[in-house]
Amino acid sequence: MTTSPGPTVVDFPRRTPREPLPLSQYAEHRKQNGLVQTHLPNGRPIWLVTRHEDVRAVLTHPRISANPDNEGFPNVGETMGVPKQEQIPGWFVGLDSPEHDRFRKVLIPEFTVRRVRELRPAIERTVDERIDAMLAGGNTADLVNDFALPVPSLVISALLGVPSADRDFFESRTRTLVAIRTSTDEERAEATRQLLRYINRLIVIKKKWRGEDLISRLLSTGKLSDEELSGVLLLLLIAGHETTANNIGLGVVTLLSHREWIGDDRLVEELLRLHSVADMVALRVAVDDVEIAGQTIRKGEGIVPLLASANHDTEAFGCPHAFNPERTERRHVAFGYGVHQCLGQNLVRVEMEIAYRKLFERIPELRLAVPEDQLAYKYDGILFGLHELPVRW
Amino acid sequence: MRVTVDSEQCVGAGQCVLNAPEVFDQDDDGVVVLLRAEPDERDHEAVRTAGDLCPSASVVLQED
Ligand code: HEM
Ligand code: SF4
């Protein structure tokens, strides 16, 4: 390689109501160096990684860390008003190998393809109950608040073994956490504290009365301290809630104009790629000087691999903006890549498949209650999604 | 085609099982298990996909 050109410096991605996922900016950057430098709103310089190949390279590099305690970690959420997550024991998405792997290994059996299949009947019941409730409520609904948000929360409750009587409490607290427009920082911090208190109580109860649930099985392994277990459970709850909800909501909008695909089992994977709700979630920092895309990234420099950009890279996907469940390129990184690749992905696939199938089967007249260009997209939080989705039938 | 798996490196994402269930399984600990080291011709494409999707490079292929 000859001398590497200096970095191209660009503005921090601008998300707007019209372009809540800034794909046109990403396309520009991919045409430039792929790897471009920008500044966080607090002035800190960081790298944006926009090409599919480079995103994968960053997420598997041994000297690139996911630990937010490292100097230079790009705390993107903080700059958007999300308070910095204190490192809590068991929050293993923020640990590197080998510390990370100890937690992951304990949890893998709970999320295998087979285990998730066993959860199917419980997921189907949950989805049916939410549809029953919507149908009982008239001929209109807000599909985000009445369906997409409660379903993943109730499914996680079932997985963890939260008693049915407590599921409403559980659901309402998790809902406060994601309501960035209507809840204050203080309300969200309080909801987190309440959830942690509740989780800790649940651990005490499960110690006395073991059941057929994730918490009981994790306790039986004896591999996690109580403190670690409660951090792990909070992570499952937070990582799996709004991500799944946003995907369900956005997916319904896409399917409403592509009804011919309903029932095709390939559509879930394509919706995950197309919407890439976790675009800016997999944050990293270099812990040594490393070379990515012919460019040196210095120790202590923050790195933001843009998953949506990778999933819309024409080098990896033909006609990436099109919704095409038949495409044969399946290497999307909507769940990240490398050792942190989403633990819940098999659960998500089953949940989305059941949610779409049941919705369109049971409410075939489903349609938008507002013009599509008036939908309120989230462009001010970390995740891409819809604030609400008014529908009628 | 010959397939090997690295069960030490596996992070249990299950991409291999989803794509080529005839060739891969996960044990009770969720770790990859190789069912066929020399998969049938009709499974080759699926195995290539699995190799490409495995997030931890635990599926290694040797084409004939
Ligand atoms: C459509 C929904 C979802 C999307 C798009 C998504 C996306 C992601 C991404 C991109 C990562 C990687 C983060 C990184 O590399 O730093 C991740 C990790 C993770 N996800 Fe998900 N996720 C979803 C649903 C879920 C669900 C339902 C659960 C669990 C119930 C879950 C649990 C986790 C956990 C525990 C990790 C950390 C894994 C590790 O560090 O080893 N996710 N997810
Ligand atoms: S795809 Fe790779 S990491 Fe996932 S289960 Fe198979 S071998 Fe393990």
# chains A, B, ... in the order shown; residues from 1 in each chain; ligands from 1
$ interface_residues --of "chain B" --to "chain A" --cutoff "12 Å" --atoms "only C-alpha atoms" --output "PyMOL selection string"
chain B and resi 7-19+21+24-32+45-46+48-58
$ residues_near_ligand --ligand "ligand 1" --cutoff "8 Å" --atoms "only C-alpha atoms and all ligand atoms" --output "ChimeraX atom specification"
/A:59,66,92-95,100-101,103-104,152,156,232,235-248,272,276-279,281-284,307,333-345,347-349 /B:11
$ residues_around --residues "segment 26-33 of chain A" --least-positions-apart "6" --cutoff "7 Å" --atoms "only C-alpha atoms" --output "ChimeraX atom specification"
/A:8,50-51,309
$ select_by_dssp --residues "chain B" --states "alpha helix (DSSP H)" --output "PyMOL selection string"
chain B and resi 15-19+44-53
$ write_last_selection --atoms "N, CA, C and O atoms" --output "PDB file, in the first residue's frame"
ATOM      1  N   GLN B  15     -26.558 -19.504  13.146  1.00  0.00           N
ATOM      2  CA  GLN B  15     -26.702 -19.231  11.713  1.00  0.00           C
ATOM      3  C   GLN B  15     -26.503 -20.507  10.906  1.00  0.00           C
ATOM      4  O   GLN B  15     -27.151 -20.738   9.892  1.00  0.00           O
ATOM      5  N   CYS B  16     -25.590 -21.339  11.366  1.00  0.00           N
ATOM      6  CA  CYS B  16     -25.287 -22.573  10.644  1.00  0.00           C
ATOM      7  C   CYS B  16     -26.492 -23.517  10.667  1.00  0.00           C
ATOM      8  O   CYS B  16     -26.865 -24.071   9.644  1.00  0.00           O
ATOM      9  N   VAL B  17     -27.121 -23.657  11.839  1.00  0.00           N
ATOM     10  CA  VAL B  17     -28.265 -24.566  11.970  1.00  0.00           C
ATOM     11  C   VAL B  17     -29.444 -24.076  11.143  1.00  0.00           C
ATOM     12  O   VAL B  17     -30.155 -24.856  10.510  1.00  0.00           O
ATOM     13  N   LEU B  18     -29.641 -22.754  11.147  1.00  0.00           N
ATOM     14  CA  LEU B  18     -30.754 -22.197  10.394  1.00  0.00           C
ATOM     15  C   LEU B  18     -30.582 -22.440   8.905  1.00  0.00           C
ATOM     16  O   LEU B  18     -31.538 -22.712   8.191  1.00  0.00           O
ATOM     17  N   ASN B  19     -29.345 -22.335   8.438  1.00  0.00           N
ATOM     18  CA  ASN B  19     -29.115 -22.411   6.996  1.00  0.00           C
ATOM     19  C   ASN B  19     -28.877 -23.819   6.479  1.00  0.00           C
ATOM     20  O   ASN B  19     -29.252 -24.127   5.357  1.00  0.00           O
ATOM     21  N   HIS B  44     -24.367 -28.199  -0.442  1.00  0.00           N
ATOM     22  CA  HIS B  44     -23.155 -27.381  -0.539  1.00  0.00           C
ATOM     23  C   HIS B  44     -23.424 -25.880  -0.468  1.00  0.00           C
ATOM     24  O   HIS B  44     -22.737 -25.147   0.232  1.00  0.00           O
ATOM     25  N   GLU B  45     -24.460 -25.444  -1.208  1.00  0.00           N
ATOM     26  CA  GLU B  45     -24.736 -24.006  -1.239  1.00  0.00           C
ATOM     27  C   GLU B  45     -25.111 -23.512   0.160  1.00  0.00           C
ATOM     28  O   GLU B  45     -24.645 -22.470   0.619  1.00  0.00           O
ATOM     29  N   ALA B  46     -25.938 -24.307   0.845  1.00  0.00           N
ATOM     30  CA  ALA B  46     -26.364 -23.925   2.193  1.00  0.00           C
ATOM     31  C   ALA B  46     -25.175 -23.871   3.145  1.00  0.00           C
ATOM     32  O   ALA B  46     -25.086 -23.002   4.009  1.00  0.00           O
ATOM     33  N   VAL B  47     -24.240 -24.791   2.971  1.00  0.00           N
ATOM     34  CA  VAL B  47     -23.062 -24.814   3.835  1.00  0.00           C
ATOM     35  C   VAL B  47     -22.190 -23.591   3.566  1.00  0.00           C
ATOM     36  O   VAL B  47     -21.660 -22.973   4.488  1.00  0.00           O
ATOM     37  N   ARG B  48     -22.081 -23.215   2.286  1.00  0.00           N
ATOM     38  CA  ARG B  48     -21.315 -22.005   1.968  1.00  0.00           C
ATOM     39  C   ARG B  48     -21.957 -20.791   2.633  1.00  0.00           C
ATOM     40  O   ARG B  48     -21.274 -19.932   3.186  1.00  0.00           O
ATOM     41  N   THR B  49     -23.285 -20.717   2.570  1.00  0.00           N
ATOM     42  CA  THR B  49     -23.976 -19.599   3.221  1.00  0.00           C
ATOM     43  C   THR B  49     -23.681 -19.610   4.713  1.00  0.00           C
ATOM     44  O   THR B  49     -23.354 -18.577   5.307  1.00  0.00           O
ATOM     45  N   ALA B  50     -23.765 -20.783   5.330  1.00  0.00           N
ATOM     46  CA  ALA B  50     -23.495 -20.886   6.769  1.00  0.00           C
ATOM     47  C   ALA B  50     -22.081 -20.412   7.078  1.00  0.00           C
ATOM     48  O   ALA B  50     -21.858 -19.650   8.019  1.00  0.00           O
ATOM     49  N   GLY B  51     -21.137 -20.835   6.261  1.00  0.00           N
ATOM     50  CA  GLY B  51     -19.749 -20.429   6.485  1.00  0.00           C
ATOM     51  C   GLY B  51     -19.584 -18.929   6.393  1.00  0.00           C
ATOM     52  O   GLY B  51     -18.859 -18.318   7.168  1.00  0.00           O
ATOM     53  N   ASP B  52     -20.311 -18.337   5.464  1.00  0.00           N
ATOM     54  CA  ASP B  52     -20.190 -16.906   5.272  1.00  0.00           C
ATOM     55  C   ASP B  52     -20.893 -16.126   6.376  1.00  0.00           C
ATOM     56  O   ASP B  52     -20.481 -15.033   6.752  1.00  0.00           O
ATOM     57  N   LEU B  53     -21.977 -16.688   6.906  1.00  0.00           N
ATOM     58  CA  LEU B  53     -22.760 -15.957   7.904  1.00  0.00           C
ATOM     59  C   LEU B  53     -22.260 -16.150   9.320  1.00  0.00           C
ATOM     60  O   LEU B  53     -22.534 -15.338  10.191  1.00  0.00           O
TER      61      LEU B  53
END
$ closest_residue --among "B:Glu41, B:Gln62, B:Val33, B:Arg2" --to "ligand 2" --atoms "only C-alpha atoms and all ligand atoms"
B:Val33
$ residues_around --residues "segment 206-210 of chain A" --least-positions-apart "6" --cutoff "9 Å" --atoms "only C-alpha atoms" --output "list in words"
Gly161, Ser216, Arg217, Leu219 and Ser220 of chain A
$ residues_around --residues "Ala37 of chain B" --least-positions-apart "2" --cutoff "8 Å" --atoms "only C-alpha atoms" --output "PyMOL selection string"
chain B and resi 2-4+23+34-35+39
$ residues_around --residues "segment 375-389 of chain A" --least-positions-apart "3" --cutoff "7 Å" --atoms "only C-alpha atoms" --output "count of residues only"
19
$ atom_distance --atom1 "atom CA of Glu212 of chain A" --atom2 "atom CA of Asp132 of chain A"
27.2 Å
$ atom_distance --atom1 "atom CA of Asp213 of chain A" --atom2 "atom CA of Glu99 of chain A"
25.0 Å
$ closest_residue --among "B:Arg36, B:Leu61, B:Val5, B:Ala20" --to "ligand 2" --atoms "only C-alpha atoms and all ligand atoms"
B:Val5
$ residues_around --residues "segment 288-298 of chain A" --least-positions-apart "3" --cutoff "10 Å" --atoms "only C-alpha atoms" --output "PDB file with all heavy atoms, in the first residue's frame"
ATOM      1  N   MET A   1       0.825  -1.202   0.000  1.00  0.00           N
ATOM      2  CA  MET A   1       0.000   0.000   0.000  1.00  0.00           C
ATOM      3  C   MET A   1       0.862   1.257   0.000  1.00  0.00           C
ATOM      4  O   MET A   1       1.847   1.338   0.702  1.00  0.00           O
ATOM      5  CB  MET A   1      -0.897  -0.016   1.228  1.00  0.00           C
ATOM      6  CG  MET A   1      -2.103   0.855   1.087  1.00  0.00           C
ATOM      7  SD  MET A   1      -3.307   0.435   2.355  1.00  0.00           S
ATOM      8  CE  MET A   1      -3.517  -1.313   2.090  1.00  0.00           C
ATOM      9  N   THR A   2       0.446   2.273  -0.762  1.00  0.00           N
ATOM     10  CA  THR A   2       1.175   3.539  -0.755  1.00  0.00           C
ATOM     11  C   THR A   2       0.660   4.407   0.383  1.00  0.00           C
ATOM     12  O   THR A   2      -0.119   3.961   1.196  1.00  0.00           O
ATOM     13  CB  THR A   2       0.976   4.279  -2.092  1.00  0.00           C
ATOM     14  OG1 THR A   2      -0.423   4.357  -2.345  1.00  0.00           O
ATOM     15  CG2 THR A   2       1.660   3.570  -3.229  1.00  0.00           C
ATOM     16  N   THR A   3       1.104   5.660   0.439  1.00  0.00           N
ATOM     17  CA  THR A   3       0.667   6.513   1.544  1.00  0.00           C
ATOM     18  C   THR A   3      -0.854   6.618   1.558  1.00  0.00           C
ATOM     19  O   THR A   3      -1.482   6.830   0.527  1.00  0.00           O
ATOM     20  CB  THR A   3       1.238   7.936   1.378  1.00  0.00           C
ATOM     21  OG1 THR A   3       0.901   8.374   0.064  1.00  0.00           O
ATOM     22  CG2 THR A   3       2.735   7.953   1.577  1.00  0.00           C
ATOM     23  N   SER A   4      -1.396   6.476   2.734  1.00  0.00           N
ATOM     24  CA  SER A   4      -2.856   6.539   2.794  1.00  0.00           C
ATOM     25  C   SER A   4      -3.276   7.994   2.743  1.00  0.00           C
ATOM     26  O   SER A   4      -2.634   8.866   3.320  1.00  0.00           O
ATOM     27  CB  SER A   4      -3.364   5.871   4.070  1.00  0.00           C
ATOM     28  OG  SER A   4      -2.900   6.564   5.203  1.00  0.00           O
ATOM     29  N   PRO A   5      -4.367   8.265   2.010  1.00  0.00           N
ATOM     30  CA  PRO A   5      -4.852   9.639   1.924  1.00  0.00           C
ATOM     31  C   PRO A   5      -5.366  10.069   3.301  1.00  0.00           C
ATOM     32  O   PRO A   5      -5.745   9.234   4.100  1.00  0.00           O
ATOM     33  CB  PRO A   5      -6.001   9.536   0.926  1.00  0.00           C
ATOM     34  CG  PRO A   5      -6.457   8.110   0.991  1.00  0.00           C
ATOM     35  CD  PRO A   5      -5.259   7.299   1.369  1.00  0.00           C
ATOM     36  N   GLY A   6      -5.328  11.368   3.575  1.00  0.00           N
ATOM     37  CA  GLY A   6      -5.859  11.846   4.852  1.00  0.00           C
ATOM     38  C   GLY A   6      -7.341  11.533   4.943  1.00  0.00           C
ATOM     39  O   GLY A   6      -7.988  11.312   3.927  1.00  0.00           O
ATOM     40  N   PRO A   7      -7.849  11.505   6.155  1.00  0.00           N
ATOM     41  CA  PRO A   7      -9.254  11.155   6.303  1.00  0.00           C
ATOM     42  C   PRO A   7     -10.175  12.225   5.728  1.00  0.00           C
ATOM     43  O   PRO A   7      -9.853  13.414   5.760  1.00  0.00           O
ATOM     44  CB  PRO A   7      -9.431  11.056   7.824  1.00  0.00           C
ATOM     45  CG  PRO A   7      -8.310  11.843   8.415  1.00  0.00           C
ATOM     46  CD  PRO A   7      -7.175  11.756   7.436  1.00  0.00           C
ATOM     47  N   ASN A  33     -14.257   7.729   1.122  1.00  0.00           N
ATOM     48  CA  ASN A  33     -13.299   6.729   1.578  1.00  0.00           C
ATOM     49  C   ASN A  33     -13.924   5.495   2.207  1.00  0.00           C
ATOM     50  O   ASN A  33     -13.222   4.561   2.535  1.00  0.00           O
ATOM     51  CB  ASN A  33     -12.352   7.355   2.609  1.00  0.00           C
ATOM     52  CG  ASN A  33     -11.178   8.005   1.938  1.00  0.00           C
ATOM     53  OD1 ASN A  33     -10.877   7.667   0.787  1.00  0.00           O
ATOM     54  ND2 ASN A  33     -10.538   8.917   2.620  1.00  0.00           N
ATOM     55  N   GLY A  34     -15.231   5.519   2.389  1.00  0.00           N
ATOM     56  CA  GLY A  34     -15.851   4.424   3.131  1.00  0.00           C
ATOM     57  C   GLY A  34     -15.722   4.687   4.608  1.00  0.00           C
ATOM     58  O   GLY A  34     -16.678   4.671   5.350  1.00  0.00           O
ATOM     59  N   LEU A  35     -14.473   4.963   4.992  1.00  0.00           N
ATOM     60  CA  LEU A  35     -14.180   5.272   6.388  1.00  0.00           C
ATOM     61  C   LEU A  35     -14.012   6.787   6.473  1.00  0.00           C
ATOM     62  O   LEU A  35     -13.091   7.335   5.887  1.00  0.00           O
ATOM     63  CB  LEU A  35     -12.884   4.576   6.770  1.00  0.00           C
ATOM     64  CG  LEU A  35     -12.517   4.543   8.233  1.00  0.00           C
ATOM     65  CD1 LEU A  35     -13.476   3.650   8.988  1.00  0.00           C
ATOM     66  CD2 LEU A  35     -11.108   4.028   8.404  1.00  0.00           C
ATOM     67  N   VAL A  36     -14.899   7.449   7.175  1.00  0.00           N
ATOM     68  CA  VAL A  36     -14.805   8.909   7.238  1.00  0.00           C
ATOM     69  C   VAL A  36     -14.750   9.365   8.687  1.00  0.00           C
ATOM     70  O   VAL A  36     -15.172   8.653   9.592  1.00  0.00           O
ATOM     71  CB  VAL A  36     -15.998   9.600   6.525  1.00  0.00           C
ATOM     72  CG1 VAL A  36     -15.969   9.291   5.044  1.00  0.00           C
ATOM     73  CG2 VAL A  36     -17.327   9.184   7.143  1.00  0.00           C
ATOM     74  N   ILE A  46     -14.516  11.116  15.855  1.00  0.00           N
ATOM     75  CA  ILE A  46     -14.725   9.661  15.791  1.00  0.00           C
ATOM     76  C   ILE A  46     -14.745   9.220  14.330  1.00  0.00           C
ATOM     77  O   ILE A  46     -14.847  10.041  13.426  1.00  0.00           O
ATOM     78  CB  ILE A  46     -16.069   9.236  16.436  1.00  0.00           C
ATOM     79  CG1 ILE A  46     -17.235  10.020  15.807  1.00  0.00           C
ATOM     80  CG2 ILE A  46     -16.046   9.407  17.946  1.00  0.00           C
ATOM     81  CD1 ILE A  46     -18.565   9.390  16.047  1.00  0.00           C
ATOM     82  N   TRP A  47     -14.664   7.922  14.116  1.00  0.00           N
ATOM     83  CA  TRP A  47     -14.721   7.354  12.767  1.00  0.00           C
ATOM     84  C   TRP A  47     -16.091   6.754  12.504  1.00  0.00           C
ATOM     85  O   TRP A  47     -16.641   6.066  13.356  1.00  0.00           O
ATOM     86  CB  TRP A  47     -13.673   6.249  12.619  1.00  0.00           C
ATOM     87  CG  TRP A  47     -12.272   6.739  12.735  1.00  0.00           C
ATOM     88  CD1 TRP A  47     -11.515   6.786  13.866  1.00  0.00           C
ATOM     89  CD2 TRP A  47     -11.467   7.265  11.677  1.00  0.00           C
ATOM     90  NE1 TRP A  47     -10.269   7.314  13.585  1.00  0.00           N
ATOM     91  CE2 TRP A  47     -10.218   7.610  12.238  1.00  0.00           C
ATOM     92  CE3 TRP A  47     -11.674   7.488  10.311  1.00  0.00           C
ATOM     93  CZ2 TRP A  47      -9.177   8.159  11.491  1.00  0.00           C
ATOM     94  CZ3 TRP A  47     -10.640   8.022   9.565  1.00  0.00           C
ATOM     95  CH2 TRP A  47      -9.408   8.359  10.154  1.00  0.00           C
ATOM     96  N   VAL A  49     -17.887   4.062  10.004  1.00  0.00           N
ATOM     97  CA  VAL A  49     -17.551   2.976   9.091  1.00  0.00           C
ATOM     98  C   VAL A  49     -18.801   2.665   8.278  1.00  0.00           C
ATOM     99  O   VAL A  49     -19.834   2.321   8.840  1.00  0.00           O
ATOM    100  CB  VAL A  49     -17.096   1.730   9.868  1.00  0.00           C
ATOM    101  CG1 VAL A  49     -16.545   0.685   8.927  1.00  0.00           C
ATOM    102  CG2 VAL A  49     -16.073   2.113  10.924  1.00  0.00           C
ATOM    103  N   ARG A  51     -18.903   0.943   4.896  1.00  0.00           N
ATOM    104  CA  ARG A  51     -18.976  -0.160   3.926  1.00  0.00           C
ATOM    105  C   ARG A  51     -19.152  -1.499   4.633  1.00  0.00           C
ATOM    106  O   ARG A  51     -18.567  -1.725   5.694  1.00  0.00           O
ATOM    107  CB  ARG A  51     -17.709  -0.201   3.079  1.00  0.00           C
ATOM    108  CG  ARG A  51     -17.632   0.966   2.117  1.00  0.00           C
ATOM    109  CD  ARG A  51     -16.420   0.830   1.220  1.00  0.00           C
ATOM    110  NE  ARG A  51     -16.242   2.068   0.459  1.00  0.00           N
ATOM    111  CZ  ARG A  51     -15.076   2.477  -0.016  1.00  0.00           C
ATOM    112  NH1 ARG A  51     -13.979   1.753   0.186  1.00  0.00           N
ATOM    113  NH2 ARG A  51     -15.001   3.598  -0.693  1.00  0.00           N
ATOM    114  N   GLU A  53     -17.983  -4.493   4.071  1.00  0.00           N
ATOM    115  CA  GLU A  53     -16.752  -5.220   4.339  1.00  0.00           C
ATOM    116  C   GLU A  53     -16.009  -4.653   5.560  1.00  0.00           C
ATOM    117  O   GLU A  53     -15.522  -5.402   6.412  1.00  0.00           O
ATOM    118  CB  GLU A  53     -15.886  -5.062   3.080  1.00  0.00           C
ATOM    119  CG  GLU A  53     -14.680  -5.894   3.009  1.00  0.00           C
ATOM    120  CD  GLU A  53     -13.807  -5.435   1.822  1.00  0.00           C
ATOM    121  OE1 GLU A  53     -14.323  -4.785   0.884  1.00  0.00           O
ATOM    122  OE2 GLU A  53     -12.594  -5.726   1.879  1.00  0.00           O
ATOM    123  N   ASP A  54     -15.952  -3.331   5.639  1.00  0.00           N
ATOM    124  CA  ASP A  54     -15.216  -2.700   6.742  1.00  0.00           C
ATOM    125  C   ASP A  54     -15.955  -2.840   8.068  1.00  0.00           C
ATOM    126  O   ASP A  54     -15.331  -2.958   9.121  1.00  0.00           O
ATOM    127  CB  ASP A  54     -14.975  -1.208   6.442  1.00  0.00           C
ATOM    128  CG  ASP A  54     -14.175  -1.005   5.162  1.00  0.00           C
ATOM    129  OD1 ASP A  54     -13.457  -1.938   4.762  1.00  0.00           O
ATOM    130  OD2 ASP A  54     -14.282   0.079   4.558  1.00  0.00           O
ATOM    131  N   VAL A  55     -17.287  -2.797   8.013  1.00  0.00           N
ATOM    132  CA  VAL A  55     -18.065  -2.980   9.245  1.00  0.00           C
ATOM    133  C   VAL A  55     -17.775  -4.363   9.825  1.00  0.00           C
ATOM    134  O   VAL A  55     -17.519  -4.523  11.019  1.00  0.00           O
ATOM    135  CB  VAL A  55     -19.578  -2.798   8.967  1.00  0.00           C
ATOM    136  CG1 VAL A  55     -20.423  -3.340  10.117  1.00  0.00           C
ATOM    137  CG2 VAL A  55     -19.890  -1.314   8.753  1.00  0.00           C
ATOM    138  N   ALA A  57     -15.095  -6.090   9.335  1.00  0.00           N
ATOM    139  CA  ALA A  57     -13.703  -6.123   9.801  1.00  0.00           C
ATOM    140  C   ALA A  57     -13.581  -5.478  11.184  1.00  0.00           C
ATOM    141  O   ALA A  57     -12.890  -5.996  12.062  1.00  0.00           O
ATOM    142  CB  ALA A  57     -12.801  -5.409   8.788  1.00  0.00           C
ATOM    143  N   VAL A  58     -14.283  -4.357  11.379  1.00  0.00           N
ATOM    144  CA  VAL A  58     -14.218  -3.674  12.674  1.00  0.00           C
ATOM    145  C   VAL A  58     -14.793  -4.574  13.769  1.00  0.00           C
ATOM    146  O   VAL A  58     -14.232  -4.695  14.865  1.00  0.00           O
ATOM    147  CB  VAL A  58     -14.999  -2.333  12.617  1.00  0.00           C
ATOM    148  CG1 VAL A  58     -15.288  -1.807  14.015  1.00  0.00           C
ATOM    149  CG2 VAL A  58     -14.210  -1.299  11.820  1.00  0.00           C
ATOM    150  N   HIS A  61     -12.359  -7.349  14.821  1.00  0.00           N
ATOM    151  CA  HIS A  61     -10.953  -7.026  15.081  1.00  0.00           C
ATOM    152  C   HIS A  61     -10.597  -7.239  16.555  1.00  0.00           C
ATOM    153  O   HIS A  61     -11.271  -6.701  17.429  1.00  0.00           O
ATOM    154  CB  HIS A  61     -10.674  -5.580  14.674  1.00  0.00           C
ATOM    155  CG  HIS A  61      -9.224  -5.301  14.467  1.00  0.00           C
ATOM    156  ND1 HIS A  61      -8.316  -5.331  15.503  1.00  0.00           N
ATOM    157  CD2 HIS A  61      -8.516  -5.025  13.350  1.00  0.00           C
ATOM    158  CE1 HIS A  61      -7.110  -5.066  15.018  1.00  0.00           C
ATOM    159  NE2 HIS A  61      -7.206  -4.882  13.713  1.00  0.00           N
ATOM    160  N   PRO A  62      -9.532  -8.011  16.824  1.00  0.00           N
ATOM    161  CA  PRO A  62      -9.206  -8.307  18.232  1.00  0.00           C
ATOM    162  C   PRO A  62      -8.765  -7.087  19.045  1.00  0.00           C
ATOM    163  O   PRO A  62      -8.830  -7.118  20.269  1.00  0.00           O
ATOM    164  CB  PRO A  62      -8.055  -9.324  18.136  1.00  0.00           C
ATOM    165  CG  PRO A  62      -7.536  -9.226  16.743  1.00  0.00           C
ATOM    166  CD  PRO A  62      -8.661  -8.734  15.882  1.00  0.00           C
ATOM    167  N   ARG A  63      -8.316  -6.031  18.382  1.00  0.00           N
ATOM    168  CA  ARG A  63      -7.854  -4.859  19.127  1.00  0.00           C
ATOM    169  C   ARG A  63      -8.853  -3.703  19.063  1.00  0.00           C
ATOM    170  O   ARG A  63      -8.487  -2.537  19.257  1.00  0.00           O
ATOM    171  CB  ARG A  63      -6.457  -4.405  18.635  1.00  0.00           C
ATOM    172  CG  ARG A  63      -5.387  -5.464  18.728  1.00  0.00           C
ATOM    173  CD  ARG A  63      -5.277  -6.073  20.131  1.00  0.00           C
ATOM    174  NE  ARG A  63      -4.851  -5.094  21.113  1.00  0.00           N
ATOM    175  CZ  ARG A  63      -5.103  -5.194  22.428  1.00  0.00           C
ATOM    176  NH1 ARG A  63      -5.815  -6.192  22.908  1.00  0.00           N
ATOM    177  NH2 ARG A  63      -4.657  -4.269  23.245  1.00  0.00           N
ATOM    178  N   ILE A  64     -10.074  -4.036  18.744  1.00  0.00           N
ATOM    179  CA  ILE A  64     -11.139  -3.038  18.776  1.00  0.00           C
ATOM    180  C   ILE A  64     -12.133  -3.500  19.839  1.00  0.00           C
ATOM    181  O   ILE A  64     -12.582  -4.637  19.817  1.00  0.00           O
ATOM    182  CB  ILE A  64     -11.792  -2.876  17.384  1.00  0.00           C
ATOM    183  CG1 ILE A  64     -10.768  -2.252  16.418  1.00  0.00           C
ATOM    184  CG2 ILE A  64     -13.051  -2.031  17.467  1.00  0.00           C
ATOM    185  CD1 ILE A  64     -11.279  -2.039  15.012  1.00  0.00           C
ATOM    186  N   SER A  65     -12.427  -2.606  20.779  1.00  0.00           N
ATOM    187  CA  SER A  65     -13.134  -2.998  21.996  1.00  0.00           C
ATOM    188  C   SER A  65     -14.565  -2.473  22.057  1.00  0.00           C
ATOM    189  O   SER A  65     -14.874  -1.408  21.526  1.00  0.00           O
ATOM    190  CB  SER A  65     -12.349  -2.473  23.200  1.00  0.00           C
ATOM    191  OG  SER A  65     -13.138  -2.496  24.364  1.00  0.00           O
ATOM    192  N   VAL A 285     -14.193   1.132  20.261  1.00  0.00           N
ATOM    193  CA  VAL A 285     -13.040   2.025  20.380  1.00  0.00           C
ATOM    194  C   VAL A 285     -11.777   1.205  20.123  1.00  0.00           C
ATOM    195  O   VAL A 285     -11.710   0.030  20.502  1.00  0.00           O
ATOM    196  CB  VAL A 285     -13.018   2.714  21.773  1.00  0.00           C
ATOM    197  CG1 VAL A 285     -12.951   1.699  22.906  1.00  0.00           C
ATOM    198  CG2 VAL A 285     -11.864   3.707  21.876  1.00  0.00           C
ATOM    199  N   GLU A 301      -9.277   6.081  19.669  1.00  0.00           N
ATOM    200  CA  GLU A 301     -10.242   6.752  18.793  1.00  0.00           C
ATOM    201  C   GLU A 301     -11.531   5.924  18.706  1.00  0.00           C
ATOM    202  O   GLU A 301     -11.495   4.710  18.547  1.00  0.00           O
ATOM    203  CB  GLU A 301      -9.640   6.976  17.402  1.00  0.00           C
ATOM    204  CG  GLU A 301      -8.561   8.055  17.450  1.00  0.00           C
ATOM    205  CD  GLU A 301      -7.901   8.354  16.106  1.00  0.00           C
ATOM    206  OE1 GLU A 301      -7.954   7.507  15.181  1.00  0.00           O
ATOM    207  OE2 GLU A 301      -7.321   9.440  15.990  1.00  0.00           O
ATOM    208  N   GLY A 302     -12.650   6.630  18.814  1.00  0.00           N
ATOM    209  CA  GLY A 302     -13.960   5.979  18.792  1.00  0.00           C
ATOM    210  C   GLY A 302     -14.351   5.560  17.377  1.00  0.00           C
ATOM    211  O   GLY A 302     -13.986   6.219  16.399  1.00  0.00           O
ATOM    212  N   ILE A 303     -15.088   4.475  17.280  1.00  0.00           N
ATOM    213  CA  ILE A 303     -15.482   3.937  15.979  1.00  0.00           C
ATOM    214  C   ILE A 303     -16.973   3.620  16.009  1.00  0.00           C
ATOM    215  O   ILE A 303     -17.455   2.958  16.925  1.00  0.00           O
ATOM    216  CB  ILE A 303     -14.711   2.634  15.657  1.00  0.00           C
ATOM    217  CG1 ILE A 303     -13.198   2.840  15.840  1.00  0.00           C
ATOM    218  CG2 ILE A 303     -15.027   2.150  14.246  1.00  0.00           C
ATOM    219  CD1 ILE A 303     -12.389   1.558  15.682  1.00  0.00           C
TER     220      ILE A 303
END
$ atom_distance --atom1 "atom CA of Gly263 of chain A" --atom2 "atom CA of Phe360 of chain A"
9.0 Å
